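Heads up, start_31.cif below (mmCIF, C-alpha atoms and all ligand atoms):
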data_final
loop_
_atom_site.label_atom_id
_atom_site.label_comp_id
_atom_site.auth_asym_id
_atom_site.auth_seq_id
_atom_site.Cartn_x
_atom_site.Cartn_y
_atom_site.Cartn_z
CA MET A 1 -12.50 4.90 -21.63
CA ILE A 2 -9.99 4.89 -18.76
CA LYS A 3 -9.81 8.31 -17.12
CA ALA A 4 -7.78 7.53 -13.99
CA PHE A 5 -5.44 5.04 -12.32
CA ILE A 6 -5.82 4.66 -8.54
CA PHE A 7 -2.78 3.16 -6.81
CA ASP A 8 -2.45 1.44 -3.47
CA VAL A 9 0.89 2.27 -1.79
CA ASP A 10 2.36 -0.40 0.47
CA GLY A 11 3.19 -3.52 -1.49
CA THR A 12 2.03 -1.95 -4.77
CA LEU A 13 4.04 1.22 -5.44
CA ALA A 14 6.92 -0.21 -3.39
CA ASP A 15 7.70 -3.24 -1.23
CA THR A 16 7.63 -1.26 2.01
CA GLU A 17 6.38 -3.68 4.66
CA ARG A 18 9.12 -6.23 5.51
CA HIS A 19 12.14 -3.91 5.71
CA GLY A 20 10.31 -0.59 6.10
CA HIS A 21 7.21 -0.43 8.26
CA ARG A 22 8.13 -3.55 10.27
CA VAL A 23 11.56 -2.09 11.17
CA ALA A 24 9.98 1.27 12.11
CA PHE A 25 7.50 -0.47 14.41
CA ASN A 26 10.28 -2.46 16.14
CA GLN A 27 12.36 0.71 16.60
CA ALA A 28 9.37 2.42 18.25
CA PHE A 29 8.81 -0.54 20.58
CA GLU A 30 12.47 -0.33 21.66
CA GLN A 31 12.30 3.45 22.06
CA PHE A 32 9.32 2.97 24.39
CA GLY A 33 11.04 0.22 26.37
CA LEU A 34 8.53 -2.43 25.31
CA ASP A 35 9.67 -6.03 24.90
CA TRP A 36 7.66 -6.39 21.69
CA HIS A 37 9.50 -7.44 18.55
CA TRP A 38 7.74 -8.28 15.31
CA SER A 39 9.65 -10.95 13.34
CA GLU A 40 9.13 -11.13 9.58
CA GLN A 41 6.85 -14.12 10.17
CA THR A 42 4.78 -12.43 12.91
CA TYR A 43 4.49 -9.26 10.87
CA GLY A 44 3.20 -11.27 7.90
CA GLU A 45 0.40 -12.56 10.12
CA LEU A 46 -0.32 -9.11 11.59
CA LEU A 47 -0.70 -7.64 8.09
CA ALA A 48 -4.16 -9.20 8.10
CA VAL A 49 -5.07 -6.07 10.07
CA THR A 50 -4.64 -2.86 8.09
CA GLY A 51 -3.63 0.38 9.78
CA GLY A 52 -0.66 0.59 12.12
CA LYS A 53 -2.67 1.64 15.19
CA GLU A 54 -5.25 -1.08 14.58
CA ARG A 55 -2.44 -3.60 14.02
CA MET A 56 -0.78 -2.76 17.35
CA LEU A 57 -4.11 -3.03 19.21
CA HIS A 58 -4.70 -6.42 17.57
CA TYR A 59 -1.20 -7.49 18.65
CA VAL A 60 -1.85 -6.52 22.29
CA GLN A 61 -5.21 -8.30 22.27
CA THR A 62 -3.70 -11.48 20.86
CA HIS A 63 -0.14 -11.52 22.25
CA ASP A 64 0.12 -9.39 25.39
CA LYS A 65 -2.86 -9.71 27.71
CA ALA A 66 -0.99 -7.89 30.51
CA GLU A 67 -0.60 -4.68 28.50
CA GLN A 68 -4.23 -4.98 27.43
CA GLN A 69 -5.31 -4.12 30.97
CA ARG A 70 -3.53 -0.74 31.11
CA ASP A 71 -6.04 2.13 31.11
CA ASP A 72 -3.81 4.33 28.93
CA LEU A 73 -3.53 1.74 26.13
CA GLU A 74 -5.20 3.95 23.51
CA GLN A 75 -2.86 6.85 24.31
CA LEU A 76 0.17 4.53 24.30
CA ILE A 77 -0.78 3.20 20.85
CA ARG A 78 -1.26 6.72 19.50
CA GLN A 79 2.16 7.78 20.83
CA LEU A 80 3.82 4.60 19.58
CA HIS A 81 2.32 5.15 16.15
CA ALA A 82 3.51 8.76 15.96
CA GLN A 83 7.03 7.57 16.85
CA LYS A 84 6.82 4.72 14.34
CA THR A 85 5.84 7.18 11.60
CA ARG A 86 8.81 9.40 12.47
CA ASN A 87 11.04 6.30 12.33
CA TYR A 88 9.63 5.25 8.95
CA VAL A 89 10.05 8.73 7.43
CA GLN A 90 13.65 8.83 8.70
CA LEU A 91 14.31 5.31 7.41
CA LEU A 92 13.15 6.34 3.92
CA SER A 93 15.23 9.51 4.07
CA ASP A 94 18.33 7.49 5.06
CA SER A 95 17.77 4.86 2.39
CA ALA A 96 14.93 5.21 -0.11
CA ILE A 97 12.83 2.12 -0.76
CA PRO A 98 12.74 1.80 -4.56
CA LEU A 99 9.49 1.72 -6.52
CA ARG A 100 8.55 -1.73 -7.79
CA PRO A 101 9.47 -2.63 -11.38
CA GLY A 102 7.35 -0.86 -13.96
CA ILE A 103 5.72 1.62 -11.58
CA GLN A 104 7.69 4.72 -12.62
CA ARG A 105 7.35 3.81 -16.29
CA LEU A 106 3.57 3.26 -15.99
CA LEU A 107 3.08 6.49 -14.05
CA GLN A 108 4.95 8.40 -16.77
CA GLU A 109 2.99 6.64 -19.55
CA ALA A 110 -0.30 7.50 -17.83
CA ARG A 111 0.72 11.15 -17.54
CA ASP A 112 1.74 11.22 -21.23
CA GLU A 113 -1.71 9.86 -22.13
CA ASP A 114 -3.59 12.25 -19.82
CA ILE A 115 -4.77 9.47 -17.54
CA ARG A 116 -5.29 11.07 -14.15
CA LEU A 117 -3.47 9.61 -11.12
CA ALA A 118 -4.60 9.08 -7.52
CA ILE A 119 -3.62 7.16 -4.40
CA ALA A 120 -5.88 5.14 -2.10
CA THR A 121 -3.95 3.80 0.87
CA THR A 122 -4.33 2.76 4.49
CA THR A 123 -0.95 4.15 5.44
CA THR A 124 -0.35 7.54 7.07
CA PRO A 125 -0.08 10.55 4.69
CA ASP A 126 3.46 11.40 5.93
CA ASN A 127 4.57 7.96 4.77
CA VAL A 128 3.23 8.55 1.25
CA THR A 129 5.06 11.86 1.03
CA ALA A 130 8.30 10.29 2.27
CA LEU A 131 8.08 7.35 -0.14
CA LEU A 132 7.35 9.49 -3.21
CA GLU A 133 9.81 12.28 -2.38
CA ASN A 134 12.66 9.83 -1.81
CA ALA A 135 11.83 7.52 -4.73
CA LEU A 136 10.61 9.98 -7.39
CA GLY A 137 11.53 13.47 -6.17
CA ALA A 138 9.48 16.18 -4.45
CA ASP A 139 7.47 17.22 -7.54
CA SER A 140 6.08 13.68 -7.93
CA LEU A 141 3.51 14.41 -5.25
CA ASP A 142 1.86 16.78 -7.75
CA TRP A 143 1.43 13.89 -10.20
CA PHE A 144 -1.37 12.59 -7.96
CA GLU A 145 -4.56 14.68 -8.03
CA VAL A 146 -5.90 12.96 -4.94
CA ILE A 147 -3.99 11.25 -2.14
CA GLY A 148 -6.50 9.38 0.03
CA ALA A 149 -4.57 8.04 3.03
CA GLY A 150 -4.89 6.68 6.56
CA ASP A 151 -7.46 8.06 8.98
CA ILE A 152 -9.18 10.28 6.36
CA VAL A 153 -11.97 7.67 6.25
CA PRO A 154 -13.69 5.97 9.22
CA HIS A 155 -13.12 2.42 7.99
CA LYS A 156 -9.82 1.20 6.50
CA LYS A 157 -9.40 -1.53 3.88
CA PRO A 158 -10.91 -4.09 3.31
CA ALA A 159 -13.75 -1.55 3.61
CA PRO A 160 -14.17 0.37 0.29
CA ASP A 161 -14.33 3.77 2.04
CA ILE A 162 -10.94 5.04 0.85
CA TYR A 163 -11.81 4.20 -2.76
CA PHE A 164 -15.19 5.91 -2.50
CA TYR A 165 -13.38 8.94 -1.03
CA VAL A 166 -10.90 9.08 -3.94
CA LEU A 167 -13.59 8.57 -6.62
CA GLU A 168 -15.66 11.35 -5.09
CA LYS A 169 -12.67 13.72 -5.02
CA LEU A 170 -11.83 12.81 -8.63
CA GLY A 171 -15.46 13.28 -9.64
CA LEU A 172 -15.30 10.04 -11.59
CA ASP A 173 -17.31 6.81 -11.79
CA ALA A 174 -15.58 3.55 -10.90
CA ALA A 175 -16.25 2.37 -14.48
CA ASP A 176 -13.81 5.00 -15.77
CA CYS A 177 -10.97 4.01 -13.44
CA VAL A 178 -8.57 1.13 -12.72
CA ALA A 179 -7.23 0.24 -9.25
CA PHE A 180 -3.79 -1.31 -8.59
CA GLU A 181 -3.44 -3.42 -5.43
CA ASP A 182 -1.22 -6.08 -3.82
CA SER A 183 -3.30 -7.85 -1.16
CA ARG A 184 -6.66 -9.45 -0.39
CA ASN A 185 -7.59 -6.59 1.94
CA GLY A 186 -6.79 -4.23 -0.92
CA ILE A 187 -8.79 -5.99 -3.62
CA LEU A 188 -11.77 -6.44 -1.30
CA ALA A 189 -11.74 -2.65 -0.89
CA SER A 190 -11.34 -1.84 -4.60
CA LEU A 191 -13.93 -4.42 -5.73
CA GLY A 192 -16.20 -3.11 -2.97
CA ALA A 193 -16.12 0.18 -4.87
CA ASP A 194 -16.77 -1.65 -8.20
CA LEU A 195 -13.30 -0.89 -9.49
CA LYS A 196 -11.59 -3.11 -12.02
CA THR A 197 -8.39 -4.17 -10.26
CA ILE A 198 -4.91 -5.23 -11.36
CA ILE A 199 -2.86 -7.09 -8.75
CA THR A 200 0.92 -7.23 -8.36
CA TYR A 201 1.49 -9.54 -5.42
CA ASN A 202 4.62 -9.73 -3.24
CA GLY A 203 6.32 -12.01 -0.72
CA TYR A 204 3.67 -11.36 1.92
CA THR A 205 0.61 -11.62 -0.32
CA GLU A 206 1.45 -14.22 -2.97
CA GLN A 207 -0.90 -16.75 -1.33
CA ASP A 208 -3.82 -14.31 -1.00
CA ASP A 209 -7.16 -14.92 -2.76
CA PHE A 210 -7.37 -12.41 -5.63
CA SER A 211 -10.76 -13.57 -6.97
CA GLY A 212 -12.32 -10.84 -9.08
CA ALA A 213 -9.02 -9.32 -10.23
CA SER A 214 -8.77 -8.36 -13.93
CA LEU A 215 -5.12 -9.47 -13.95
CA VAL A 216 -2.74 -10.97 -11.33
CA LEU A 217 1.00 -10.42 -11.85
CA GLU A 218 4.13 -11.03 -9.81
CA GLN A 219 5.32 -7.62 -11.04
CA MET A 220 4.55 -5.11 -13.82
CA GLY A 221 7.89 -5.79 -15.53
CA GLU A 222 10.47 -3.75 -17.42
CA ALA A 223 12.06 -4.39 -20.81
CA ASP A 224 15.18 -5.69 -19.05
CA GLN A 225 13.18 -7.38 -16.25
CA PRO A 226 10.24 -9.16 -17.92
CA SER A 227 7.19 -10.30 -15.94
CA GLN A 228 7.08 -14.10 -16.13
CA VAL A 229 3.28 -14.16 -15.63
CA LEU A 230 2.73 -11.55 -18.34
CA GLN A 231 4.97 -13.46 -20.73
CA GLN A 232 2.91 -16.63 -20.16
CA ALA A 233 -0.49 -14.90 -20.14
CA LEU A 234 -0.09 -12.34 -22.91
CA GLN A 235 3.33 -13.11 -24.47
CA GLN A 236 4.42 -9.61 -23.39
CA ASP A 237 7.37 -8.58 -21.19
CA TYR A 238 5.87 -5.68 -19.26
CA LEU A 239 2.50 -4.04 -18.55
CA THR A 240 1.61 -0.95 -20.63
CA VAL A 241 -1.35 1.44 -20.68
CA ASP A 242 -2.57 -0.09 -23.94
CA MET A 243 -2.53 -3.59 -22.43
CA ILE A 244 -4.50 -2.30 -19.44
CA ARG A 245 -7.07 -0.80 -21.82
CA GLN A 246 -7.45 -4.13 -23.63
CA ILE A 247 -7.70 -6.10 -20.39
CA VAL A 248 -10.28 -3.96 -18.62
CA GLN A 249 -12.43 -2.78 -21.53
C1 LIG A 301 -0.75 -0.88 4.19
C2 LIG A 301 -1.16 -0.80 5.60
C3 LIG A 301 -0.54 0.25 6.48
C4 LIG A 301 0.96 -0.01 6.61
C5 LIG A 301 1.55 0.70 7.81
O1 LIG A 301 -1.45 0.12 3.54
O2 LIG A 301 -2.05 -1.52 6.00
O3 LIG A 301 -1.14 0.14 7.76
O4 LIG A 301 1.17 -1.41 6.83
O5 LIG A 301 1.30 2.09 7.72
P1 LIG A 301 -1.81 0.02 1.93
P2 LIG A 301 0.65 2.85 8.99
O6 LIG A 301 -1.45 -1.38 1.44
O7 LIG A 301 -3.30 0.31 1.86
O8 LIG A 301 -0.95 1.07 1.28
O9 LIG A 301 1.43 2.41 10.21
O10 LIG A 301 0.83 4.31 8.68
O11 LIG A 301 -0.77 2.40 9.02
MG MG A 302 -1.09 -2.68 -0.12
#

Let's see the structure in the file written out as structure tokens.
Amino acid sequence: MIKAFIFDVDGTLADTERHGHRVAFNQAFEQFGLDWHWSEQTYGELLAVTGGKERMLHYVQTHDKAEQQRDDLEQLIRQLHAQKTRNYVQLLSDSAIPLRPGIQRLLQEARDEDIRLAIATTTTPDNVTALLENALGADSLDWFEVIGAGDIVPHKKPAPDIYFYVLEKLGLDAADCVAFEDSRNGILASLGADLKTIITYNGYTEQDDFSGASLVLEQMGEADQPSQVLQQALQQDYLTVDMIRQIVQ
């Protein structure tokens, strides 16, 4: 019996990377007078590394050997990341990034059926708050019993740590929960915690290997915006709690 849904954030709840996080990173680089600029293509490659601080370090190590030598690199990355987070929160406040199709409907359905909700994400907690407040309203944060985010665990996705953290806080076994993810790093983490996983891929992750997923969709769908994959696979227009029960049990 499904007792909880555990949602990834970036790419799953909303398509936040291309025009959200990437823009916030580039603003921070400009604000710090750095000649770094992450194109959509470069950012897609850098997404292989989860965590903004880790991603910037990877970028320096692979693209900017000169900066790699500076002895205050760790401090610079921490300051850049704090600025980037401020930029991202402001960006969402100026123009909310909408939730992906079906997300709000599924969250509401889960609440109506007493399925508990949680978040397991690599992104910074402030970013989760900003996304939910701007997309769903301030009280939506209370819909999620546990918000496991960012540096709360030592190892980010694809390590399963954040999912173990959330399961422990929920006091539930993986067998009683379903995870929702968008990327290979994400499903490696959720499967690493023995969670049945439903994938909704996006422009950056459509080519990822989702082996082990219970279902792989291009989107969860709405009545007026049917999921093509769901129509072909299950002759249904959009994903519902009952369908999820049938698929994972
Ligand atoms: C996606 C990530 C995050 C974001 C950037 O997290 O890997 O690093 O790209 O956010 P998830 P930060 O898919 O697990 O939600 O800069 O705050 O890390
Ligand atoms: Mg994701």

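The space separating CA of Tyr165 (chain A) from CA of Ile119 (chain A) comes to 10.5 Å.
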
Margin query: Counting all atoms listed in the file, what are the residues, protein, DNA or RNA alike, that approach ligand MG 302 (chain A) to within 7 Å? I want them as a list in words.
Written below: Asp8, Val9, Asp10, Gly11, Thr12, Glu181, Asp182, Ser183 and Gly186 of chain A

Next item on the list: Could you pull out the residues sitting within 7 Å of ligand LIG 301 (chain A), using all atoms listed in the file, and write them as a ChimeraX atom specification?
Entry: /A:8-11,17,21,47,49-53,81,85,120-124,127,150,157,186

Restricting it to C-alpha atoms, dump the selection as a short mmCIF file (atom, residue, chain, number, x, y, z; two decimals), in the frame of the given file.
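part_36.cif, written as the output of this step:
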data_model
loop_
_atom_site.label_atom_id
_atom_site.label_comp_id
_atom_site.auth_asym_id
_atom_site.auth_seq_id
_atom_site.Cartn_x
_atom_site.Cartn_y
_atom_site.Cartn_z
CA ASP A 8 -2.45 1.44 -3.47
CA VAL A 9 0.89 2.27 -1.79
CA ASP A 10 2.36 -0.40 0.47
CA GLY A 11 3.19 -3.52 -1.49
CA GLU A 17 6.38 -3.68 4.66
CA HIS A 21 7.21 -0.43 8.26
CA LEU A 47 -0.70 -7.64 8.09
CA VAL A 49 -5.07 -6.07 10.07
CA THR A 50 -4.64 -2.86 8.09
CA GLY A 51 -3.63 0.38 9.78
CA GLY A 52 -0.66 0.59 12.12
CA LYS A 53 -2.67 1.64 15.19
CA HIS A 81 2.32 5.15 16.15
CA THR A 85 5.84 7.18 11.60
CA ALA A 120 -5.88 5.14 -2.10
CA THR A 121 -3.95 3.80 0.87
CA THR A 122 -4.33 2.76 4.49
CA THR A 123 -0.95 4.15 5.44
CA THR A 124 -0.35 7.54 7.07
CA ASN A 127 4.57 7.96 4.77
CA GLY A 150 -4.89 6.68 6.56
CA LYS A 157 -9.40 -1.53 3.88
CA GLY A 186 -6.79 -4.23 -0.92
#

Margin query: Measuring between all atoms listed in the file, which one of A:His58, A:Trp143, A:Trp36, A:Gln83 shows the shortest distance to Asp112 (chain A)?
Written below: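 Result for the nearest residue to Asp112 (chain A): A:Trp143.
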
Checklist line | Using only C-alpha atoms: which of A:Ala233, A:Leu167, A:Leu215, A:Thr197 has the shortest distance to Lys3 (chain A) | finding: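 Using only C-alpha atoms, Lys3 (chain A) sits closest to A:Leu167.
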
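Proximity of A:Glu40, A:Leu107, A:Thr129, A:His155 to Glu54 (chain A), computed with all atoms listed in the file, is greatest for A:His155.
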
Next item on the list: Give the answer as one residue: which of A:Ala14, A:Ile6, A:Lys84, A:Ala48 has the shortest atom-to-atom distance to Gln31 (chain A), using only C-alpha atoms?
Entry: A:Lys84

Next item on the list: Quick one: pull the distance between CA of Gln249 (chain A) and CA of Asp194 (chain A), Å, one decimal.
Entry: 14.1 Å

Checklist line | Which residue of A:Lys156, A:Gln235, A:His19, A:Ser214 approaches Arg55 (chain A) most closely, using all atoms listed in the file | finding: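 Closest candidate: A:Lys156.
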
Notebook entry, point to check: For the atom pair CA of Gln219 (chain A) and CA of Tyr201 (chain A), what is the interatomic distance in Å to one decimal place?
Noted result: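 Here the two named atoms are 7.1 Å from each other.
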
Checklist line | Selection: 10 Å around Glu218 (chain A), only C-alpha atoms, excl. self and same-chain fewer than 5 positions, as a list in words | finding: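 What passes the distance filter is Asp182, Ile199, Thr200, Tyr201, Asn202, Gly203, Glu206, Ser227, Gln228, Val229 and Leu230 of chain A.
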
Note to self: From the options A:Gln69, A:Gln61, A:Asn87, A:Ser140, which residue's atoms come nearest to Glu30 (chain A), counting all atoms listed in the file?
What the structure shows: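 Of A:Gln69, A:Gln61, A:Asn87, A:Ser140, the one nearest Glu30 (chain A), counting all atoms listed in the file, is A:Asn87.
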
Region 44-123 of chain A near region 132-139 of chain A within 10 Å: what's each residue's closest atom pair and its distance in Å to one decimal, counting all atoms listed in the file, ordered by chain then ascending residue number, as CSV?
residue,atom,partner,partner_atom,distance
A:Val89,CA,A:Asn134,CA,9.7
A:Leu92,CA,A:Asn134,CA,6.7
A:Ser93,CA,A:Asn134,CA,6.4
A:Asp94,CA,A:Asn134,CA,9.2
A:Ser95,CA,A:Asn134,CA,8.3
A:Ala96,CA,A:Asn134,CA,5.4
A:Ile97,CA,A:Ala135,CA,6.8
A:Pro98,CA,A:Ala135,CA,5.8
A:Leu99,CA,A:Ala135,CA,6.5
A:Gln104,CA,A:Leu136,CA,8.0

Print the selection's residues with C-alpha atoms to a file, as a CSV table (one decimal), keeping the file's coordinate frame.
chain,number,residue,atom,x,y,z
A,89,VAL,CA,10.0,8.7,7.4
A,92,LEU,CA,13.2,6.3,3.9
A,93,SER,CA,15.2,9.5,4.1
A,94,ASP,CA,18.3,7.5,5.1
A,95,SER,CA,17.8,4.9,2.4
A,96,ALA,CA,14.9,5.2,-0.1
A,97,ILE,CA,12.8,2.1,-0.8
A,98,PRO,CA,12.7,1.8,-4.6
A,99,LEU,CA,9.5,1.7,-6.5
A,104,GLN,CA,7.7,4.7,-12.6

Checklist line | Near-Phe210 (chain A) list (7 Å; all atoms listed in the file; drop same-chain fewer than 3 positions) as an MDAnalysis selection string | finding: chainID A and resid 184 187 213
